[in-house]
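Below: one structure, written as structure tokens.
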Amino acid sequence: MSGLRIISGTARGMRIKAVPGDTTRPVTDRVKESLFNILADDVRGSTWLDLFAGTGSIGIEALSRGAEFVRFNEMNRLAIQTINANLEITRLKANALVAQGDAFTLLRSVPNRSFDYIYIAPPQYKEMWSEALQMLDENPDWLSEDGCVIVQIHPVEFKEIELNNIEEVDRRKYGSTILVFYERKTGE
């Protein structure tokens, strides 16, 4: 899959590398463009945690569109190398932190900062998205007060999850991908 590119912003049109092998499933341009159209100007100046970062495509798109900072978290060594290479290609490394580690270990730890956006696009069909979401619900300080968690999964994976601190606010379907948006619950 050599068609990975940055859609808009300072790195617009730049081609980025895919992770070798089939361990990651890069987001399609259609889904990525739809996501950033929904977020629009809110991306500028925002902070992101790209939790299962893969190629880094989402976080790099956010940086290209003016995000202040992105932390890329990824377990796979080849993906880490790919993210670093893609940050070099796009010249966006200055506002990024690439961390190799388990997403669940990270989410269980005490947050050292909160993020405006937390993007969850884990390996499919393993219930990892719901586990990550439940951990965020138990440890919501990873998310800023008016922040948003975005889950990217296959529609057959989706299920309603009982949550205490965050709630679903929107859901969009694009072919074989859905994006589910969650925000912190406000005091009733």
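Ligands are numbered from 1 in the order shown, residues from 1 within each chain, and chains are lettered A, B, ... in the order they appear in the structure tokens.
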Counting only C-alpha atoms, what are the residues of segment 103-141 of chain A within 10 Å of segment 22-41 of chain A, and for each of them which pair of atoms is the nearest and at what distance in Å, to one decimal? Sort the table by chain and rising number, as a Markdown table.
```
| residue | atom | partner | partner_atom | distance |
| --- | --- | --- | --- | --- |
| A:Ala121 | CA | A:Val27 | CA | 8.9 |
| A:Pro122 | CA | A:Thr24 | CA | 8.5 |
| A:Pro123 | CA | A:Thr24 | CA | 6.9 |
| A:Gln124 | CA | A:Arg25 | CA | 8.7 |
```
So which residues of chain A fall under strand (DSSP E or B) by DSSP, listed as a PyMOL selection string? chain A and resi 5+15+47-50+69-74+96-100+115-120+143-153+166-174+177-184
Same residues, N, CA and C atoms, saved as a compact mmCIF listing (two decimals), in the first residue's frame:
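Result went into selection_19.txt, see below:
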```
# COMPACT_ATOMS: atom_id res chain seq x y z
N ARG A 5 -0.71 9.24 2.23
CA ARG A 5 -0.28 10.63 2.03
C ARG A 5 -0.91 11.51 3.09
N ARG A 15 4.02 11.95 0.60
CA ARG A 15 3.80 10.51 0.73
C ARG A 15 4.55 10.03 1.96
N THR A 47 -3.56 19.09 21.40
CA THR A 47 -2.61 18.04 21.76
C THR A 47 -3.27 16.69 21.54
N TRP A 48 -2.48 15.71 21.09
CA TRP A 48 -3.00 14.40 20.70
C TRP A 48 -2.21 13.27 21.34
N LEU A 49 -2.92 12.21 21.66
CA LEU A 49 -2.30 10.92 22.02
C LEU A 49 -2.78 9.94 20.96
N ASP A 50 -1.87 9.53 20.09
CA ASP A 50 -2.18 8.55 19.04
C ASP A 50 -1.77 7.20 19.63
N PHE A 69 1.09 19.42 19.65
CA PHE A 69 1.92 18.31 20.11
C PHE A 69 1.18 16.99 19.89
N VAL A 70 1.93 15.95 19.48
CA VAL A 70 1.37 14.60 19.36
C VAL A 70 2.33 13.61 20.02
N ARG A 71 1.76 12.79 20.91
CA ARG A 71 2.51 11.66 21.46
C ARG A 71 2.05 10.42 20.71
N PHE A 72 2.98 9.77 20.03
CA PHE A 72 2.70 8.54 19.30
C PHE A 72 3.07 7.37 20.21
N ASN A 73 2.12 6.49 20.47
CA ASN A 73 2.40 5.32 21.30
C ASN A 73 2.20 4.08 20.44
N GLU A 74 3.20 3.22 20.42
CA GLU A 74 3.14 2.03 19.58
C GLU A 74 4.03 0.95 20.19
N ALA A 96 6.65 16.29 18.27
CA ALA A 96 6.20 14.91 18.46
C ALA A 96 7.07 14.19 19.47
N LEU A 97 6.45 13.24 20.15
CA LEU A 97 7.17 12.30 21.01
C LEU A 97 6.74 10.91 20.57
N VAL A 98 7.71 10.09 20.21
CA VAL A 98 7.42 8.72 19.78
C VAL A 98 7.84 7.80 20.91
N ALA A 99 6.87 7.07 21.46
CA ALA A 99 7.14 6.20 22.61
C ALA A 99 6.78 4.76 22.27
N GLN A 100 7.72 3.86 22.52
CA GLN A 100 7.44 2.44 22.32
C GLN A 100 6.96 1.87 23.65
N PHE A 115 -4.67 15.27 27.20
CA PHE A 115 -4.68 15.50 25.75
C PHE A 115 -6.06 15.97 25.31
N ASP A 116 -6.08 16.81 24.28
CA ASP A 116 -7.34 17.26 23.70
C ASP A 116 -8.01 16.15 22.90
N TYR A 117 -7.18 15.32 22.25
CA TYR A 117 -7.69 14.20 21.45
C TYR A 117 -6.89 12.95 21.78
N ILE A 118 -7.62 11.86 21.98
CA ILE A 118 -6.98 10.55 22.13
C ILE A 118 -7.56 9.68 21.03
N TYR A 119 -6.68 9.22 20.14
CA TYR A 119 -7.11 8.43 18.98
C TYR A 119 -6.79 6.97 19.23
N ILE A 120 -7.83 6.13 19.15
CA ILE A 120 -7.69 4.70 19.44
C ILE A 120 -8.03 3.91 18.17
N LEU A 143 -7.50 12.72 29.46
CA LEU A 143 -8.28 13.53 28.54
C LEU A 143 -8.54 14.90 29.17
N SER A 144 -8.29 15.96 28.40
CA SER A 144 -8.56 17.30 28.92
C SER A 144 -10.07 17.46 29.16
N GLU A 145 -10.44 18.46 29.95
CA GLU A 145 -11.84 18.65 30.35
C GLU A 145 -12.80 18.65 29.16
N ASP A 146 -12.42 19.33 28.09
CA ASP A 146 -13.30 19.37 26.91
C ASP A 146 -12.73 18.56 25.76
N GLY A 147 -11.94 17.54 26.11
CA GLY A 147 -11.29 16.70 25.11
C GLY A 147 -12.22 15.66 24.50
N CYS A 148 -11.69 14.93 23.53
CA CYS A 148 -12.47 13.96 22.77
C CYS A 148 -11.65 12.69 22.54
N VAL A 149 -12.27 11.55 22.79
CA VAL A 149 -11.67 10.26 22.44
C VAL A 149 -12.30 9.83 21.13
N ILE A 150 -11.48 9.42 20.18
CA ILE A 150 -11.99 8.97 18.88
C ILE A 150 -11.54 7.52 18.69
N VAL A 151 -12.51 6.65 18.47
CA VAL A 151 -12.23 5.23 18.26
C VAL A 151 -12.48 4.91 16.79
N GLN A 152 -11.49 4.25 16.15
CA GLN A 152 -11.62 3.82 14.76
C GLN A 152 -11.64 2.29 14.75
N ILE A 153 -12.79 1.71 14.37
CA ILE A 153 -12.92 0.25 14.35
C ILE A 153 -13.79 -0.20 13.17
N ILE A 166 -16.91 9.06 30.79
CA ILE A 166 -16.97 9.52 29.40
C ILE A 166 -18.22 8.93 28.76
N GLU A 167 -18.68 9.59 27.68
CA GLU A 167 -19.89 9.11 27.02
C GLU A 167 -19.78 9.31 25.51
N GLU A 168 -20.48 8.44 24.77
CA GLU A 168 -20.51 8.55 23.32
C GLU A 168 -21.32 9.79 22.94
N VAL A 169 -20.77 10.58 22.00
CA VAL A 169 -21.46 11.78 21.55
C VAL A 169 -21.76 11.76 20.05
N ASP A 170 -21.10 10.89 19.30
CA ASP A 170 -21.32 10.83 17.86
C ASP A 170 -20.74 9.52 17.32
N ARG A 171 -21.28 9.08 16.18
CA ARG A 171 -20.78 7.87 15.53
C ARG A 171 -20.98 8.07 14.03
N ARG A 172 -19.92 7.83 13.26
CA ARG A 172 -19.98 7.98 11.80
C ARG A 172 -19.46 6.72 11.13
N LYS A 173 -20.13 6.29 10.07
CA LYS A 173 -19.74 5.07 9.35
C LYS A 173 -19.24 5.45 7.96
N TYR A 174 -18.10 4.88 7.59
CA TYR A 174 -17.50 5.08 6.27
C TYR A 174 -17.12 3.71 5.74
N THR A 177 -15.39 1.08 8.07
CA THR A 177 -14.81 1.77 9.23
C THR A 177 -15.88 2.61 9.91
N ILE A 178 -15.88 2.59 11.24
CA ILE A 178 -16.68 3.58 11.95
C ILE A 178 -15.76 4.37 12.87
N LEU A 179 -16.12 5.62 13.03
CA LEU A 179 -15.47 6.49 14.00
C LEU A 179 -16.49 6.76 15.09
N VAL A 180 -16.11 6.50 16.33
CA VAL A 180 -17.00 6.75 17.47
C VAL A 180 -16.32 7.80 18.34
N PHE A 181 -17.07 8.85 18.68
CA PHE A 181 -16.54 9.98 19.43
C PHE A 181 -17.09 9.96 20.85
N TYR A 182 -16.21 10.12 21.82
CA TYR A 182 -16.57 10.14 23.23
C TYR A 182 -16.03 11.41 23.87
N GLU A 183 -16.77 11.96 24.81
CA GLU A 183 -16.31 13.12 25.56
C GLU A 183 -16.53 12.88 27.04
N ARG A 184 -15.87 13.67 27.85
CA ARG A 184 -16.07 13.57 29.30
C ARG A 184 -17.50 13.98 29.64
```
Which residue of A:Gln81, A:Asn76, A:Asn112, A:Ser8 approaches Ala62 of chain A most closely, using only C-alpha atoms: A:Ser8
Going by DSSP on the backbone, which bits of segment 18-178 of chain A are helix (DSSP H, G or I)? Write them as JSON, numbers by chain, please. {"A": [29, 30, 31, 32, 33, 34, 35, 36, 37, 38, 39, 40, 41, 42, 43, 57, 58, 59, 60, 61, 62, 63, 64, 77, 78, 79, 80, 81, 82, 83, 84, 85, 86, 87, 88, 89, 90, 93, 94, 95, 103, 104, 105, 106, 107, 108, 128, 129, 130, 131, 132, 133, 134, 135, 136, 137, 138, 140, 141, 142, 155, 156, 157]}
How far is it from atom CA of Leu87 of chain A to atom CA of Glu61 of chain A, in Å with one decimal?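 For atom CA of Leu87 of chain A relative to atom CA of Glu61 of chain A, the distance reads 10.4 Å.
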Distance query Ile16 of chain A at most 12 Å, only C-alpha atoms, self and fewer than 4 positions along chain excluded, as a list in words: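 My reading of the contact set: Met1, Ser2, Gly3, Leu4, Arg5, Ile6, Ile7, Ala11, Arg12, Pro26, Gly54, Thr55, Gly56, Ser57, Ile58, Ile60, Glu61, Thr82, Ile83, Asn84, Ala85, Asn86, Leu87, Glu88, Ile89, Thr90 and Arg91 of chain A.
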